[in-house]
$ cat coords_15.pdb   # PDB, C-alpha atoms and all ligand atoms
MODEL        1
ATOM      1  CA  GLU A1252     -14.203 106.929 -18.109
ATOM      2  CA  ALA A1253     -10.530 106.017 -18.480
ATOM      3  CA  VAL A1254      -9.008 106.339 -15.036
ATOM      4  CA  ALA A1255      -5.348 106.320 -14.025
ATOM      5  CA  PHE A1256      -5.386 103.334 -11.731
ATOM      6  CA  ASP A1257      -2.392 104.347  -9.619
ATOM      7  CA  ASP A1258      -4.039 107.671  -8.858
ATOM      8  CA  LEU A1259      -7.231 105.914  -7.861
ATOM      9  CA  ILE A1260      -5.369 103.629  -5.448
ATOM     10  CA  SER A1261      -3.281 106.519  -4.112
ATOM     11  CA  THR A1262      -6.435 108.464  -3.345
ATOM     12  CA  VAL A1263      -7.795 105.563  -1.315
ATOM     13  CA  ILE A1264      -4.484 105.053   0.503
ATOM     14  CA  ALA A1265      -4.408 108.744   1.427
ATOM     15  CA  ARG A1266      -7.860 108.381   2.962
ATOM     16  CA  ILE A1267      -6.907 105.429   5.139
ATOM     17  CA  GLU A1268      -3.441 106.734   6.082
ATOM     18  CA  PRO A1269      -4.549 108.113   9.477
ATOM     19  CA  ALA A1270      -5.958 104.738  10.518
ATOM     20  CA  VAL A1271      -2.834 102.974   9.247
ATOM     21  CA  ASP A1272      -0.570 105.318  11.207
ATOM     22  CA  LYS A1273      -2.693 105.053  14.324
ATOM     23  CA  LYS A1274      -2.149 101.278  14.369
ATOM     24  CA  ASN A1275       1.498 101.640  13.502
ATOM     25  CA  ILE A1276       0.979  99.506  10.406
ATOM     26  CA  GLU A1277       3.535  99.577   7.641
ATOM     27  CA  LEU A1278       1.818 100.060   4.289
ATOM     28  CA  THR A1279       3.640  99.616   1.011
ATOM     29  CA  PHE A1280       2.322 100.366  -2.447
ATOM     30  CA  SER A1281       3.925  99.144  -5.643
ATOM     31  CA  SER A1282       2.819  99.490  -9.212
ATOM     32  CA  SER A1283       4.174  98.189 -12.469
ATOM     33  CA  GLY A1284       3.452 101.329 -14.395
ATOM     34  CA  GLU A1285       0.927 103.858 -15.527
ATOM     35  CA  LEU A1286      -2.166 101.811 -16.112
ATOM     36  CA  GLU A1287      -5.513 103.088 -17.217
ATOM     37  CA  ALA A1288      -8.818 101.332 -16.912
ATOM     38  CA  VAL A1289     -12.376 102.145 -17.839
ATOM     39  CA  VAL A1290     -14.088 102.200 -14.470
ATOM     40  CA  ASP A1291     -16.512 104.178 -12.381
ATOM     41  CA  PRO A1292     -13.924 105.919 -10.179
ATOM     42  CA  LYS A1293     -16.129 106.528  -7.129
ATOM     43  CA  ARG A1294     -17.357 102.981  -7.001
ATOM     44  CA  MET A1295     -13.943 101.504  -7.668
ATOM     45  CA  GLN A1296     -12.505 103.582  -4.821
ATOM     46  CA  GLN A1297     -15.185 102.076  -2.609
ATOM     47  CA  VAL A1298     -13.975  98.584  -3.513
ATOM     48  CA  PHE A1299     -10.425  99.258  -2.343
ATOM     49  CA  LEU A1300     -11.596 101.266   0.636
ATOM     50  CA  ASN A1301     -13.655  98.309   1.843
ATOM     51  CA  ILE A1302     -10.828  95.818   1.351
ATOM     52  CA  LEU A1303      -8.277  98.092   3.015
ATOM     53  CA  ASP A1304     -10.655  98.885   5.857
ATOM     54  CA  ASN A1305     -10.725  95.163   6.588
ATOM     55  CA  ALA A1306      -6.971  94.821   6.244
ATOM     56  CA  ILE A1307      -6.527  97.491   8.915
ATOM     57  CA  LYS A1308      -9.287  96.163  11.144
ATOM     58  CA  TYR A1309      -8.121  92.546  11.064
ATOM     59  CA  THR A1310      -4.393  93.228  11.337
ATOM     60  CA  PRO A1311      -2.859  93.675  14.785
ATOM     61  CA  PRO A1312      -0.812  96.796  15.570
ATOM     62  CA  ALA A1313       2.634  97.005  13.947
ATOM     63  CA  GLY A1314       1.553  94.652  11.158
ATOM     64  CA  ARG A1315       2.011  95.033   7.426
ATOM     65  CA  ILE A1316      -0.280  95.784   4.503
ATOM     66  CA  GLY A1317       0.866  95.651   0.899
ATOM     67  CA  VAL A1318      -0.903  96.911  -2.186
ATOM     68  CA  SER A1319       0.450  95.921  -5.575
ATOM     69  CA  VAL A1320      -0.889  96.739  -9.001
ATOM     70  CA  THR A1321       0.245  94.796 -12.019
ATOM     71  CA  GLY A1322      -1.159  94.982 -15.487
ATOM     72  CA  SER A1323      -1.079  93.738 -18.997
ATOM     73  CA  ARG A1324      -2.716  94.977 -22.148
ATOM     74  CA  ASN A1325      -5.966  93.295 -21.173
ATOM     75  CA  GLU A1326      -6.049  93.239 -17.440
ATOM     76  CA  ILE A1327      -5.263  95.062 -14.214
ATOM     77  CA  ILE A1328      -4.651  92.955 -11.144
ATOM     78  CA  THR A1329      -4.566  94.529  -7.713
ATOM     79  CA  ALA A1330      -3.492  92.475  -4.719
ATOM     80  CA  ILE A1331      -4.042  93.679  -1.167
ATOM     81  CA  SER A1332      -2.180  91.600   1.383
ATOM     82  CA  ASP A1333      -2.066  91.871   5.137
ATOM     83  CA  SER A1334      -0.263  90.188   8.006
ATOM     84  CA  GLY A1335      -3.436  89.905  10.049
ATOM     85  CA  ILE A1336      -5.481  87.257  11.825
ATOM     86  CA  GLY A1337      -6.427  85.504   8.599
ATOM     87  CA  ILE A1338      -9.628  83.706   7.715
ATOM     88  CA  ASP A1339     -10.380  80.106   8.644
ATOM     89  CA  GLN A1340     -10.757  77.752   5.704
ATOM     90  CA  ALA A1341     -14.360  77.105   6.762
ATOM     91  CA  ASP A1342     -15.209  80.813   6.583
ATOM     92  CA  GLU A1343     -13.396  81.645   3.362
ATOM     93  CA  PRO A1344     -16.188  80.701   0.926
ATOM     94  CA  TYR A1345     -18.676  82.919   2.734
ATOM     95  CA  VAL A1346     -16.865  86.207   3.343
ATOM     96  CA  PHE A1347     -18.478  87.852   0.297
ATOM     97  CA  GLU A1348     -21.960  86.953   1.476
ATOM     98  CA  ARG A1349     -24.287  89.557   2.907
ATOM     99  CA  LEU A1350     -23.962  89.993   6.675
ATOM    100  CA  TYR A1351     -21.444  87.163   6.995
ATOM    101  CA  ARG A1352     -18.747  87.687   9.610
ATOM    102  CA  ALA A1353     -16.274  85.024  10.615
ATOM    103  CA  GLU A1354     -16.408  83.716  14.166
ATOM    104  CA  LYS A1355     -13.233  85.532  15.160
ATOM    105  CA  SER A1356     -14.673  88.827  13.977
ATOM    106  CA  ARG A1357     -18.065  88.386  15.567
ATOM    107  CA  SER A1358     -16.489  87.800  18.939
ATOM    108  CA  ARG A1359     -14.337  90.886  18.555
ATOM    109  CA  LEU A1360     -15.250  94.240  19.985
ATOM    110  CA  GLN A1361     -14.743  96.054  16.725
ATOM    111  CA  GLY A1362     -17.979  96.486  14.881
ATOM    112  CA  GLY A1363     -19.001  95.789  11.346
ATOM    113  CA  ALA A1364     -22.138  94.752   9.545
ATOM    114  CA  GLY A1365     -20.652  92.166   7.225
ATOM    115  CA  LEU A1366     -21.446  94.229   4.138
ATOM    116  CA  GLY A1367     -18.109  95.648   3.014
ATOM    117  CA  LEU A1368     -17.038  92.711   0.888
ATOM    118  CA  THR A1369     -20.519  92.090  -0.482
ATOM    119  CA  ILE A1370     -20.556  95.636  -1.814
ATOM    120  CA  ALA A1371     -17.000  95.316  -3.124
ATOM    121  CA  LYS A1372     -17.844  92.133  -5.001
ATOM    122  CA  GLU A1373     -20.989  93.654  -6.466
ATOM    123  CA  ILE A1374     -19.086  96.655  -7.811
ATOM    124  CA  VAL A1375     -16.235  94.543  -9.191
ATOM    125  CA  GLU A1376     -18.687  92.259 -10.964
ATOM    126  CA  LEU A1377     -20.589  95.235 -12.395
ATOM    127  CA  HIS A1378     -17.256  96.103 -14.016
ATOM    128  CA  GLY A1379     -16.966  92.597 -15.408
ATOM    129  CA  GLY A1380     -14.151  91.777 -12.997
ATOM    130  CA  GLN A1381     -13.421  89.228 -10.323
ATOM    131  CA  ILE A1382     -12.525  89.329  -6.666
ATOM    132  CA  SER A1383     -11.011  86.474  -4.727
ATOM    133  CA  VAL A1384      -9.455  85.738  -1.373
ATOM    134  CA  GLN A1385      -6.642  83.548  -0.160
ATOM    135  CA  SER A1386      -5.823  83.355   3.504
ATOM    136  CA  THR A1387      -3.699  81.552   6.035
ATOM    137  CA  PRO A1388      -5.104  81.780   9.549
ATOM    138  CA  GLY A1389      -2.646  83.464  11.876
ATOM    139  CA  GLU A1390      -0.487  84.634   8.988
ATOM    140  CA  GLY A1391      -2.538  86.874   6.811
ATOM    141  CA  THR A1392      -4.838  87.382   3.896
ATOM    142  CA  VAL A1393      -4.617  88.409   0.257
ATOM    143  CA  PHE A1394      -7.526  89.846  -1.687
ATOM    144  CA  THR A1395      -7.122  89.994  -5.452
ATOM    145  CA  VAL A1396      -9.178  92.150  -7.786
ATOM    146  CA  SER A1397      -8.844  91.542 -11.522
ATOM    147  CA  LEU A1398     -10.361  93.898 -14.022
ATOM    148  CA  GLU A1399     -10.456  93.714 -17.756
ATOM    149  CA  ARG A1400      -9.420  96.957 -19.307
ATOM    150  CA  GLY A1401     -12.123  96.876 -21.945
ATOM    151  CA  ASP A1402     -15.061  99.123 -22.526
ATOM    152  CA  LEU A1403     -17.331  97.795 -19.798
ATOM    153  CA  TYR A1404     -18.456 101.120 -18.457
ATOM    154  CA  GLU A1405     -21.999 100.819 -19.822
ATOM    155  CA  GLU A1406     -22.610  97.979 -17.446
ATOM    156  CA  CYS A1407     -22.203 100.265 -14.461
ATOM    157  CA  ILE A1408     -25.192 102.056 -13.120
ATOM    158  CA  ALA A1409     -24.878 105.757 -13.796
ATOM    159  CA  ASP A1410     -24.883 108.060 -10.795
TER     160      ASP A1410
HETATM  161  P1  LIG B1501     -18.370  95.924   7.430
HETATM  162  O1  LIG B1501     -17.379  95.866   6.304
HETATM  163  O2  LIG B1501     -19.772  95.899   6.952
HETATM  164  O3  LIG B1501     -18.065  97.020   8.382
HETATM  165  P2  LIG B1501     -17.130  93.436   8.125
HETATM  166  O4  LIG B1501     -15.769  94.019   7.953
HETATM  167  O5  LIG B1501     -17.303  92.467   9.250
HETATM  168  O6  LIG B1501     -18.206  94.576   8.299
HETATM  169  P3  LIG B1501     -16.873  92.410   5.434
HETATM  170  O7  LIG B1501     -15.957  93.530   5.096
HETATM  171  O8  LIG B1501     -17.919  92.046   4.441
HETATM  172  O9  LIG B1501     -17.619  92.680   6.809
HETATM  173  O10 LIG B1501     -15.995  91.118   5.740
HETATM  174  C1  LIG B1501     -16.664  89.901   6.073
HETATM  175  C2  LIG B1501     -15.851  89.099   7.048
HETATM  176  O11 LIG B1501     -14.693  88.581   6.394
HETATM  177  C3  LIG B1501     -15.309  89.867   8.237
HETATM  178  O12 LIG B1501     -16.243  89.946   9.272
HETATM  179  C4  LIG B1501     -14.102  89.029   8.634
HETATM  180  O13 LIG B1501     -14.525  87.924   9.391
HETATM  181  C5  LIG B1501     -13.606  88.506   7.303
HETATM  182  N1  LIG B1501     -12.499  89.326   6.752
HETATM  183  C6  LIG B1501     -12.572  90.219   5.742
HETATM  184  N2  LIG B1501     -11.382  90.747   5.457
HETATM  185  C7  LIG B1501     -10.501  90.183   6.305
HETATM  186  C8  LIG B1501      -9.081  90.302   6.500
HETATM  187  N3  LIG B1501      -8.334  91.141   5.750
HETATM  188  N4  LIG B1501      -8.517  89.532   7.471
HETATM  189  C9  LIG B1501      -9.255  88.691   8.211
HETATM  190  N5  LIG B1501     -10.596  88.528   8.073
HETATM  191  C10 LIG B1501     -11.208  89.267   7.137
HETATM  192 MG    MG B1502     -15.406  95.254   6.248
ENDMDL
END
$ encode --input "coords_15.pdb" --output "C-alpha cells"
Amino acid sequence: EAVAFDDLISTVIARIEPAVDKKNIELTFSSSGELEAVVDPKRMQQVFLNILDNAIKYTPPAGRIGVSVTGSRNEIITAISDSGIGIDQADEPYVFERLYRAEKSRSRLQGGAGLGLTIAKEIVELHGGQISVQSTPGEGTVFTVSLERGDLYEECIAD
C-alpha cells in the first residue's frame, strides 16, 4: 500500500499531542515534501509511536522533540530527536534488545517493559529498512529510521 508518509507521521503526532502538552514539550515537525512509501500503515505508525513515546518519557518537562522527514527517489529518512536524558555509550548498543532498559531508566519511577524499540526494529526490518540511534548523555538522542521506497510490502505479515 502506497502511504503518504507525512499523513502517517501527522496521525502519530496527533495521538501523542496530549502527552507532549502535558509535559510542556515543544514538538516540531518538518518535511521535505509529499513522500509516499509502500508500507503497512498500522505497523509503521507503531514504529513512530514507540520512538516518540520514549522521546516524551525520557525528556524532562519543557524540553524539545523534533521530527523531520527527508526523502529521495529511493529512500525516506525520518529523524526523531529529543533534548532528553540521553543514553550512555555503554547502553547504546543494547537499546533494541528485548527487555533491555538502561540503568537510568530502570531506576526511574516511570514504567516500561523494554519492548518498544525491539518491536520498532522488528517492524522496520520487515519493511527492509534500518533503525539507528545516536545519543549524547545529558543532551539528547536521535533515532533515525530509513526506508527504501520500493515494493517491499510482500515481506510484511498480512493482518
Ligand atoms: P516500553 O517501551 O516497553 O514501555 P522502554 O521504553 O523502557 O519500555 P524501549 O522503548 O525498548 O523500552 O527502550 C529501551 C531503553 O532505551 C529504555 O529503557 C531507555 O533506557 C532507552 N531509551 C530509549 N529511547 C530513549 C530516549 N529517547 N532517550 C533516552 N533513553 C532512551
Ligand atoms: Mg519505550
$ resolve_selection --input "coords_15.pdb" --expression "the PyMOL selection byres (((chain A and resi 1288) around 6) and not hetatm)" --output "list in words"
Ala1253, Val1254, Glu1287, Val1289, Val1290 and Arg1400 of chain A
$ resolve_selection --input "coords_15.pdb" --expression "the PyMOL selection byres (((chain A and resi 1397) around 8) and not hetatm)" --output "PyMOL selection string"
chain A and resi 1326-1329+1380-1382+1395-1396+1398-1399
$ axis_aligned_box --input "coords_15.pdb" --around "segment 1310-1324 of chain A" --padding-each-side "8 Å" --output "AutoDock Vina command-line options"
--center_x -0.9 --center_y 95.1 --center_z -3.3 --size_x 23.0 --size_y 19.8 --size_z 53.7
$ residues_near_ligand --input "coords_15.pdb" --ligand "ligand LIG 1501 (chain B)" --cutoff "8 Å" --atoms "all atoms listed in the file" --output "short mmCIF file (atom, residue, chain, number, x, y, z; two decimals) with C-alpha atoms, in the coordinates of the input"
data_model
loop_
_atom_site.label_atom_id
_atom_site.label_comp_id
_atom_site.auth_asym_id
_atom_site.auth_seq_id
_atom_site.Cartn_x
_atom_site.Cartn_y
_atom_site.Cartn_z
CA ASN A 1301 -13.66 98.31 1.84
CA ILE A 1302 -10.83 95.82 1.35
CA LEU A 1303 -8.28 98.09 3.02
CA ASP A 1304 -10.66 98.88 5.86
CA ASN A 1305 -10.72 95.16 6.59
CA ALA A 1306 -6.97 94.82 6.24
CA ILE A 1307 -6.53 97.49 8.91
CA LYS A 1308 -9.29 96.16 11.14
CA TYR A 1309 -8.12 92.55 11.06
CA THR A 1310 -4.39 93.23 11.34
CA SER A 1332 -2.18 91.60 1.38
CA ASP A 1333 -2.07 91.87 5.14
CA GLY A 1335 -3.44 89.90 10.05
CA ILE A 1336 -5.48 87.26 11.82
CA GLY A 1337 -6.43 85.50 8.60
CA ILE A 1338 -9.63 83.71 7.72
CA ASP A 1342 -15.21 80.81 6.58
CA GLU A 1343 -13.40 81.64 3.36
CA TYR A 1345 -18.68 82.92 2.73
CA VAL A 1346 -16.86 86.21 3.34
CA PHE A 1347 -18.48 87.85 0.30
CA GLU A 1348 -21.96 86.95 1.48
CA ARG A 1349 -24.29 89.56 2.91
CA LEU A 1350 -23.96 89.99 6.68
CA TYR A 1351 -21.44 87.16 7.00
CA ARG A 1352 -18.75 87.69 9.61
CA ALA A 1353 -16.27 85.02 10.62
CA GLU A 1354 -16.41 83.72 14.17
CA LYS A 1355 -13.23 85.53 15.16
CA SER A 1356 -14.67 88.83 13.98
CA ARG A 1357 -18.07 88.39 15.57
CA GLY A 1362 -17.98 96.49 14.88
CA GLY A 1363 -19.00 95.79 11.35
CA ALA A 1364 -22.14 94.75 9.54
CA GLY A 1365 -20.65 92.17 7.22
CA LEU A 1366 -21.45 94.23 4.14
CA GLY A 1367 -18.11 95.65 3.01
CA LEU A 1368 -17.04 92.71 0.89
CA THR A 1369 -20.52 92.09 -0.48
CA ILE A 1370 -20.56 95.64 -1.81
CA SER A 1386 -5.82 83.36 3.50
CA GLY A 1391 -2.54 86.87 6.81
CA THR A 1392 -4.84 87.38 3.90
CA VAL A 1393 -4.62 88.41 0.26
CA PHE A 1394 -7.53 89.85 -1.69
#
$ atom_distance --input "coords_15.pdb" --atom1 "atom CA of Lys1274 of chain A" --atom2 "atom CA of Gly1314 of chain A"
8.2 Å
$ closest_residue --input "coords_15.pdb" --among "A:Glu1373, A:Glu1252, A:Glu1390, A:Asp1339" --to "Pro1292 of chain A" --atoms "all atoms listed in the file"
A:Glu1252
$ closest_residue --input "coords_15.pdb" --among "A:Val1318, A:Phe1256, A:Phe1299, A:Ile1276" --to "ligand MG 1502 (chain B)" --atoms "all atoms listed in the file"
A:Phe1299
$ closest_residue --input "coords_15.pdb" --among "A:Met1295, A:Asp1257, A:Leu1300, A:Lys1273" --to "ligand MG 1502 (chain B)" --atoms "all atoms listed in the file"
A:Leu1300
$ closest_atom_pairs --input "coords_15.pdb" --of "segment 1304-1349 of chain A" --to "segment 1278-1282 of chain A" --cutoff "9 Å" --atoms "only C-alpha atoms" --output "tab-separated table"
residue	atom	partner	partner_atom	distance
A:Gly1314	CA	A:Leu1278	CA	8.7
A:Arg1315	CA	A:Leu1278	CA	5.9
A:Ile1316	CA	A:Leu1278	CA	4.8
A:Gly1317	CA	A:Thr1279	CA	4.8
A:Val1318	CA	A:Phe1280	CA	4.7
A:Ser1319	CA	A:Ser1281	CA	4.7
A:Val1320	CA	A:Ser1282	CA	4.6
A:Thr1321	CA	A:Ser1282	CA	6.0
A:Gly1322	CA	A:Ser1282	CA	8.7
$ atom_distance --input "coords_15.pdb" --atom1 "atom CA of Gln1296 of chain A" --atom2 "atom CA of Pro1344 of chain A"
23.9 Å
$ closest_residue --input "coords_15.pdb" --among "A:Gln1297, A:Asn1275, A:Leu1377, A:Ala1341" --to "Ala1313 of chain A" --atoms "all atoms listed in the file"
A:Asn1275
$ atom_distance --input "coords_15.pdb" --atom1 "atom CA of Leu1286 of chain A" --atom2 "atom CA of Ala1255 of chain A"
5.9 Å
$ closest_residue --input "coords_15.pdb" --among "A:Glu1285, A:Ile1260, A:Glu1376, A:Gln1385" --to "Ser1323 of chain A" --atoms "all atoms listed in the file"
A:Glu1285
